[in-house]
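Structure below is query-v4.csv: CSV, C-alpha atoms.
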chain,number,residue,atom,x,y,z
A,1,MET,CA,106.4,71.4,125.7
A,2,GLU,CA,110.2,72.0,126.1
A,3,ASN,CA,111.0,68.4,125.4
A,4,GLN,CA,108.8,68.4,122.2
A,5,PHE,CA,110.5,71.6,121.0
A,6,SER,CA,114.0,70.1,121.7
A,7,ARG,CA,112.9,67.0,119.9
A,8,LEU,CA,111.9,69.0,116.8
A,9,VAL,CA,115.3,70.8,116.8
A,10,ASP,CA,117.1,67.4,117.1
A,11,ILE,CA,115.1,65.9,114.2
A,12,ILE,CA,116.0,68.8,112.0
A,13,LYS,CA,119.7,68.6,113.0
A,14,THR,CA,119.5,64.9,112.1
A,15,LEU,CA,118.0,65.7,108.7
A,16,ARG,CA,120.8,68.1,108.1
A,17,SER,CA,123.5,65.7,109.2
A,18,PRO,CA,125.7,63.6,106.8
A,19,GLU,CA,123.4,60.6,107.6
A,20,GLY,CA,120.3,62.7,107.0
A,21,CYS,CA,118.2,63.6,104.0
A,22,PRO,CA,120.0,64.8,100.8
A,23,TRP,CA,117.3,67.4,100.1
A,24,ASP,CA,117.5,68.9,103.6
A,25,ARG,CA,121.3,69.0,103.5
A,26,GLU,CA,121.2,70.9,100.2
A,27,GLN,CA,119.1,73.8,101.6
A,28,ASN,CA,120.8,77.1,102.7
A,29,LEU,CA,119.5,80.1,104.6
A,30,TYR,CA,118.0,81.6,101.4
A,31,SER,CA,116.7,78.7,99.4
A,32,LEU,CA,113.5,78.1,101.4
A,33,LYS,CA,111.9,81.5,101.3
A,34,ASN,CA,109.3,80.6,98.6
A,35,HIS,CA,108.4,77.5,100.6
A,36,PHE,CA,108.0,79.6,103.7
A,37,ILE,CA,105.6,82.0,101.9
A,38,GLU,CA,103.6,79.1,100.5
A,39,GLU,CA,103.2,77.6,104.0
A,40,ALA,CA,102.1,81.0,105.4
A,41,TYR,CA,99.4,81.3,102.8
A,42,GLU,CA,98.3,77.7,103.6
A,43,LEU,CA,97.9,78.8,107.2
A,44,VAL,CA,95.8,81.8,106.1
A,45,ASP,CA,93.6,79.5,104.1
A,46,ALA,CA,93.1,77.2,107.1
A,47,LEU,CA,92.3,80.2,109.2
A,48,ASP,CA,89.8,81.5,106.7
A,49,ASN,CA,88.1,78.1,106.6
A,50,ARG,CA,88.2,77.8,110.5
A,51,ASP,CA,89.7,74.4,110.0
A,52,ILE,CA,91.1,73.7,113.4
A,53,ASP,CA,92.9,70.4,112.5
A,54,ASN,CA,94.5,72.1,109.4
A,55,ILE,CA,95.4,75.2,111.4
A,56,ARG,CA,97.3,73.0,113.9
A,57,GLU,CA,99.1,71.3,111.0
A,58,GLU,CA,100.0,74.5,109.2
A,59,LEU,CA,101.3,76.1,112.3
A,60,GLY,CA,103.6,73.1,112.6
A,61,ASP,CA,104.8,73.6,109.1
A,62,LEU,CA,105.6,77.2,109.8
A,63,LEU,CA,107.4,76.3,113.0
A,64,LEU,CA,109.5,73.8,111.0
A,65,HIS,CA,110.7,76.6,108.7
A,66,ILE,CA,111.6,78.9,111.7
A,67,VAL,CA,113.6,76.0,113.3
A,68,ILE,CA,115.3,74.9,110.1
A,69,HIS,CA,116.4,78.4,109.2
A,70,SER,CA,117.7,78.8,112.7
A,71,VAL,CA,119.6,75.5,112.5
A,72,ILE,CA,121.2,76.5,109.2
A,73,ALA,CA,122.1,79.9,110.6
A,74,GLU,CA,123.8,78.1,113.6
A,75,GLU,CA,125.7,75.9,111.2
A,76,ASP,CA,126.9,79.0,109.3
A,77,GLY,CA,128.0,80.7,112.6
A,78,TYR,CA,125.3,83.4,112.5
A,79,PHE,CA,122.9,82.7,115.4
A,80,ASN,CA,120.9,79.9,116.9
A,81,ILE,CA,117.3,79.2,117.9
A,82,ASN,CA,117.8,80.3,121.5
A,83,GLU,CA,119.0,83.7,120.3
A,84,VAL,CA,115.9,84.0,118.1
A,85,ILE,CA,113.6,83.2,121.0
A,86,GLN,CA,115.6,85.5,123.3
A,87,GLU,CA,115.4,88.4,120.9
A,88,ILE,CA,111.6,88.2,120.4
A,89,SER,CA,111.0,87.8,124.1
A,90,GLU,CA,113.0,90.9,124.9
A,91,LYS,CA,111.2,92.8,122.1
A,92,LEU,CA,107.8,91.8,123.4
A,93,ILE,CA,108.7,93.0,126.9
A,94,ARG,CA,110.2,96.2,125.6
A,95,ARG,CA,107.2,97.0,123.4
A,96,HIS,CA,104.7,96.3,126.2
A,97,PRO,CA,105.8,98.7,128.9
A,98,HIS,CA,102.1,99.0,130.0
A,99,VAL,CA,102.3,95.3,131.0
A,100,PHE,CA,105.9,94.8,132.0
A,101,ALA,CA,106.7,98.3,133.3
A,102,ASP,CA,104.9,101.4,134.7
A,103,THR,CA,103.5,103.0,131.5
A,104,LYS,CA,99.8,103.8,131.7
A,105,ILE,CA,97.5,103.4,128.7
A,106,LYS,CA,93.8,103.8,128.3
A,107,ASN,CA,92.9,101.8,125.1
A,108,THR,CA,94.1,99.9,122.1
A,109,ALA,CA,94.8,103.1,120.1
A,110,GLU,CA,97.3,104.2,122.8
A,111,VAL,CA,98.9,100.8,122.8
A,112,MET,CA,99.5,101.0,119.0
A,113,LYS,CA,100.7,104.6,119.2
A,114,ASN,CA,103.2,103.6,122.0
A,115,TRP,CA,104.2,100.5,120.0
A,116,GLU,CA,105.1,102.6,116.9
A,117,ALA,CA,107.0,105.1,119.0
A,118,ILE,CA,109.1,102.4,120.6
A,119,LYS,CA,109.6,100.7,117.3
A,120,SER,CA,110.8,104.0,115.8
A,121,ASP,CA,113.3,104.4,118.6
A,122,GLU,CA,114.6,100.9,118.1
A,123,GLY,CA,115.2,101.2,114.3
A,124,LYS,CA,117.8,102.8,112.1
A,125,LYS,CA,117.2,106.3,110.9
A,126,LYS,CA,115.0,106.2,107.9
A,127,LYS,CA,115.3,108.5,104.9
A,128,SER,CA,111.6,108.1,104.2
A,129,VAL,CA,108.6,107.1,106.3
A,130,LEU,CA,108.0,104.4,103.7
A,131,ASP,CA,111.4,102.8,104.3
A,132,GLY,CA,111.2,99.3,105.8
A,133,ILE,CA,108.1,98.1,104.1
A,134,PRO,CA,109.0,94.7,102.6
A,135,LYS,CA,109.1,94.9,98.8
A,136,GLY,CA,108.2,91.2,98.6
A,137,LEU,CA,104.8,91.7,100.1
A,138,PRO,CA,101.8,90.9,97.9
A,139,SER,CA,100.7,94.0,96.1
A,140,VAL,CA,97.5,94.6,98.0
A,141,GLN,CA,99.2,94.4,101.4
A,142,HIS,CA,102.1,96.5,100.1
A,143,SER,CA,99.6,99.2,99.1
A,144,GLN,CA,97.8,99.0,102.4
A,145,LYS,CA,101.1,99.6,104.3
A,146,LEU,CA,102.2,102.4,102.1
A,147,GLN,CA,98.8,104.2,102.6
A,148,LYS,CA,98.9,103.6,106.4
A,149,ARG,CA,102.4,105.0,106.7
A,150,ALA,CA,101.6,108.1,104.7
A,151,SER,CA,98.3,108.6,106.6
A,152,LYS,CA,100.2,108.7,109.9
A,153,LYS,CA,102.0,111.8,108.6
A,154,GLY,CA,98.8,113.5,107.6
A,155,PHE,CA,98.9,112.6,103.9
A,156,ASP,CA,95.4,111.3,103.7
A,157,TRP,CA,91.8,112.0,102.7
A,158,ASN,CA,89.4,113.5,105.3
A,159,SER,CA,86.7,110.8,104.9
A,160,ALA,CA,85.5,107.7,103.2
A,161,GLU,CA,83.3,110.0,101.0
A,162,ASP,CA,86.4,111.7,99.7
A,163,CYS,CA,88.0,108.3,99.0
A,164,LEU,CA,84.9,107.3,97.1
A,165,LYS,CA,85.1,110.4,94.9
A,166,LYS,CA,88.7,109.5,94.1
A,167,VAL,CA,87.6,106.0,93.1
A,168,ASP,CA,85.0,107.5,90.8
A,169,GLU,CA,87.6,109.9,89.3
A,170,GLU,CA,90.1,107.0,88.7
A,171,TYR,CA,87.3,104.9,87.2
A,172,ASP,CA,86.5,107.7,84.7
A,173,GLU,CA,90.2,108.0,83.8
A,174,LEU,CA,90.4,104.2,83.3
A,175,LYS,CA,87.4,104.3,81.0
A,176,ASN,CA,89.0,107.1,78.9
A,177,ALA,CA,92.3,105.1,78.8
A,178,ILE,CA,90.4,102.0,77.5
A,179,LYS,CA,88.8,104.1,74.8
A,180,SER,CA,92.3,105.4,73.8
A,181,GLY,CA,93.5,101.8,73.4
A,182,ASP,CA,96.9,102.7,74.8
A,183,LYS,CA,98.0,99.6,76.8
A,184,SER,CA,100.5,101.5,78.9
A,185,ASP,CA,97.9,104.2,79.8
A,186,ILE,CA,95.4,101.5,80.6
A,187,GLN,CA,97.8,99.7,82.9
A,188,HIS,CA,98.6,103.0,84.6
A,189,GLU,CA,95.0,103.9,85.2
A,190,LEU,CA,94.0,100.4,86.2
A,191,GLY,CA,96.7,100.6,88.9
A,192,ASP,CA,95.4,103.9,90.1
A,193,ALA,CA,91.9,102.6,90.3
A,194,LEU,CA,93.0,99.6,92.3
A,195,PHE,CA,95.1,101.7,94.6
A,196,ALA,CA,92.1,104.0,95.2
A,197,LEU,CA,89.8,101.1,96.0
A,198,ILE,CA,92.4,99.7,98.5
A,199,ASN,CA,92.5,103.2,100.1
A,200,LEU,CA,88.7,103.2,100.4
A,201,SER,CA,88.8,99.9,102.1
A,202,ARG,CA,91.1,101.3,104.7
A,203,PHE,CA,88.7,104.1,105.5
A,204,LEU,CA,85.8,101.6,105.7
A,205,GLU,CA,88.0,99.4,108.1
A,206,ILE,CA,87.8,96.5,105.6
A,207,ASP,CA,90.9,94.5,104.9
A,208,ALA,CA,91.2,94.6,101.1
A,209,ASP,CA,93.2,91.4,100.9
A,210,GLU,CA,90.7,89.5,103.0
A,211,ALA,CA,87.8,90.9,100.9
A,212,LEU,CA,89.5,89.7,97.7
A,213,ARG,CA,90.2,86.3,99.2
A,214,ASN,CA,86.5,86.0,100.1
A,215,VAL,CA,85.4,86.9,96.6
A,216,ASN,CA,87.8,84.4,95.2
A,217,LYS,CA,86.2,81.7,97.4
A,218,ARG,CA,82.7,82.8,96.3
A,219,PHE,CA,83.7,82.7,92.7
A,220,THR,CA,85.3,79.2,93.1
A,221,LYS,CA,82.2,77.9,94.9
A,222,ARG,CA,79.8,79.3,92.3
A,223,PHE,CA,81.8,78.2,89.3
A,224,THR,CA,82.3,74.7,90.6
A,225,HIS,CA,78.4,74.6,91.0
A,226,ILE,CA,78.1,75.4,87.3
A,227,GLU,CA,80.6,72.6,86.5
A,228,LYS,CA,78.8,70.1,88.8
A,229,SER,CA,75.3,71.0,87.5
A,230,LEU,CA,76.4,70.6,83.9
A,231,ALA,CA,78.2,67.3,84.6
A,232,GLU,CA,75.0,65.9,86.2
A,233,LYS,CA,73.1,66.7,83.0
A,234,GLY,CA,75.9,65.1,80.9
A,235,CYS,CA,76.9,68.5,79.5
A,236,SER,CA,80.3,70.3,79.4
A,237,LEU,CA,81.3,73.9,79.7
A,238,GLU,CA,82.5,74.1,76.1
A,239,LYS,CA,79.0,73.1,74.8
A,240,THR,CA,77.1,75.4,77.1
A,241,SER,CA,76.0,78.9,76.3
A,242,LEU,CA,77.0,81.9,78.4
A,243,LYS,CA,73.3,82.5,79.1
A,244,GLU,CA,72.9,78.9,80.5
A,245,MET,CA,76.0,79.3,82.6
A,246,GLU,CA,74.7,82.7,84.0
A,247,ALA,CA,71.4,81.0,85.0
A,248,LEU,CA,73.4,78.4,87.0
A,249,TRP,CA,75.5,81.1,88.5
A,250,GLN,CA,72.5,82.9,89.8
A,251,GLU,CA,71.2,79.6,91.1
A,252,ALA,CA,74.5,79.2,93.0
A,253,LYS,CA,74.3,82.7,94.4
A,254,LYS,CA,71.1,81.7,96.2
A,255,GLU,CA,72.9,78.9,98.1
A,256,LYS,CA,74.4,79.7,101.4

As structure tokens, the full file:
Amino acid sequence: MENQFSRLVDIIKTLRSPEGCPWDREQNLYSLKNHFIEEAYELVDALDNRDIDNIREELGDLLLHIVIHSVIAEEDGYFNINEVIQEISEKLIRRHPHVFADTKIKNTAEVMKNWEAIKSDEGKKKKSVLDGIPKGLPSVQHSQKLQKRASKKGFDWNSAEDCLKKVDEEYDELKNAIKSGDKSDIQHELGDALFALINLSRFLEIDADEALRNVNKRFTKRFTHIEKSLAEKGCSLEKTSLKEMEALWQEAKKEK
């Protein structure tokens, strides 16, 4: 394994060399971030589909980004891949004293509590408990992290039922905003309703982002069924009524 990893590092260094690839040479420590995010989501998609071959490939693509960022950082005199590996190794040992030291824990909940305490001791002093949440996170995940942080300090509903009441309240306010026709107010209330639903998902122990990804997959599957069915009949979407499309949609819902 070590030889394969060293080979990958050498390949990337060659690509970055004067005799290497012009595109790779042009990249800097900050130019690849969008590509990295894209690769991360491709891995998530492969995991959702339980596509083992694709999971292996996408893990390789992510590893490529970790190594190329480290190689560029080394060129710039910041750090190298060995320092990256050393730092994460030390962090894992430090945050698992129940494995690598004498700390006693009973369950996963205690593990997480201990992890957060150690993490807090490691970090810089925060002005707010919400500090440190990446602003570049997708909005659903950002909301989840905000709510989780606030919950740890006691700012939370008592039950899922209370959350559901809040969802109903926000839905009513959204309907009133829509009646008013005020776009700014509608956007505000729509955001509140979405935030309340995400909060409810947390109480129900459902990952809101995964739930949304799953419904996107279902929509895609059912809509493509409509397209395929119409194509087999020599019809097009443009020349098909909504009623006919709805019938095909219901047909698609019955398929597993």

Within 9 Å of stretch 14-20 of chain A using all atoms listed in the file, minus same-chain residues under 5 positions, as a count of residues only: 7

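Computed from the coordinates, the atom CA of A:Lys221 to atom CA of A:Arg202 distance equals 26.9 Å.
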
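For the pair atom CA of A:Gln141 and atom CA of A:Asp209, the separation is 6.7 Å.
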
Tell me which protein, DNA and RNA residues are within 10 Å of stretch 163-171 of chain A, counting all atoms listed in the file, leaving out same-chain ones fewer than 4 positions away, and put them as a PyMOL selection string. chain A and resi 156-159+175-177+189-204

Write a file of the selected residues as a PDB file, in the coordinates of the input, keeping C-alpha atoms.
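Output file again-v7.pdb is given in full below:
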ATOM      1  CA  ASP A 156      95.400 111.300 103.700  1.00  0.00           C
ATOM      2  CA  TRP A 157      91.800 112.000 102.700  1.00  0.00           C
ATOM      3  CA  ASN A 158      89.400 113.500 105.300  1.00  0.00           C
ATOM      4  CA  SER A 159      86.700 110.800 104.900  1.00  0.00           C
ATOM      5  CA  LYS A 175      87.400 104.300  81.000  1.00  0.00           C
ATOM      6  CA  ASN A 176      89.000 107.100  78.900  1.00  0.00           C
ATOM      7  CA  ALA A 177      92.300 105.100  78.800  1.00  0.00           C
ATOM      8  CA  GLU A 189      95.000 103.900  85.200  1.00  0.00           C
ATOM      9  CA  LEU A 190      94.000 100.400  86.200  1.00  0.00           C
ATOM     10  CA  GLY A 191      96.700 100.600  88.900  1.00  0.00           C
ATOM     11  CA  ASP A 192      95.400 103.900  90.100  1.00  0.00           C
ATOM     12  CA  ALA A 193      91.900 102.600  90.300  1.00  0.00           C
ATOM     13  CA  LEU A 194      93.000  99.600  92.300  1.00  0.00           C
ATOM     14  CA  PHE A 195      95.100 101.700  94.600  1.00  0.00           C
ATOM     15  CA  ALA A 196      92.100 104.000  95.200  1.00  0.00           C
ATOM     16  CA  LEU A 197      89.800 101.100  96.000  1.00  0.00           C
ATOM     17  CA  ILE A 198      92.400  99.700  98.500  1.00  0.00           C
ATOM     18  CA  ASN A 199      92.500 103.200 100.100  1.00  0.00           C
ATOM     19  CA  LEU A 200      88.700 103.200 100.400  1.00  0.00           C
ATOM     20  CA  SER A 201      88.800  99.900 102.100  1.00  0.00           C
ATOM     21  CA  ARG A 202      91.100 101.300 104.700  1.00  0.00           C
ATOM     22  CA  PHE A 203      88.700 104.100 105.500  1.00  0.00           C
ATOM     23  CA  LEU A 204      85.800 101.600 105.700  1.00  0.00           C
TER      24      LEU A 204
END

With a cut-off of 12 Å, could you pull out the residues of stretch 19-81 of chain A touching stretch 86-98 of chain A and give me the nearest pair of atoms for each, distance in Å to one decimal, using all atoms listed in the file, ordered by chain and ascending number, as a Markdown table?
| residue | atom | partner | partner_atom | distance |
| --- | --- | --- | --- | --- |
| A:Phe79 | CA | A:Glu87 | CA | 10.9 |
| A:Asn80 | CA | A:Gln86 | CA | 10.0 |
| A:Ile81 | CA | A:Gln86 | CA | 8.5 |

Written file, previous selection with C-alpha atoms, as a compact mmCIF listing (two decimals), keeping the file's coordinate frame:
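Now in selection31.txt:
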# COMPACT_ATOMS: atom_id res chain seq x y z
CA PHE A 79 122.90 82.70 115.40
CA ASN A 80 120.90 79.90 116.90
CA ILE A 81 117.30 79.20 117.90

Extract, using only C-alpha atoms, all DNA, RNA and protein residues at most 12 Å from A:Leu230, discarding same-chain residues fewer than 6 positions from it, and format them as a ChimeraX atom specification. /A:223-224,236-241,244-245,247-249

Can you tell me, as a PyMOL selection string, what residues are no more than 12 Å from A:Lys217 when counting all atoms listed in the file, ignoring any on the same chain fewer than 5 positions away? chain A and resi 45+48-49+210-212+222-224

Could you please determine the separation between atom CA of A:Leu8 and atom CA of A:Leu64 in Å, to one decimal place? 7.9 Å

Residue nearest A:Glu75 among A:Leu174, A:Leu62, A:Asn28, A:Ala40 (counting only C-alpha atoms): A:Asn28
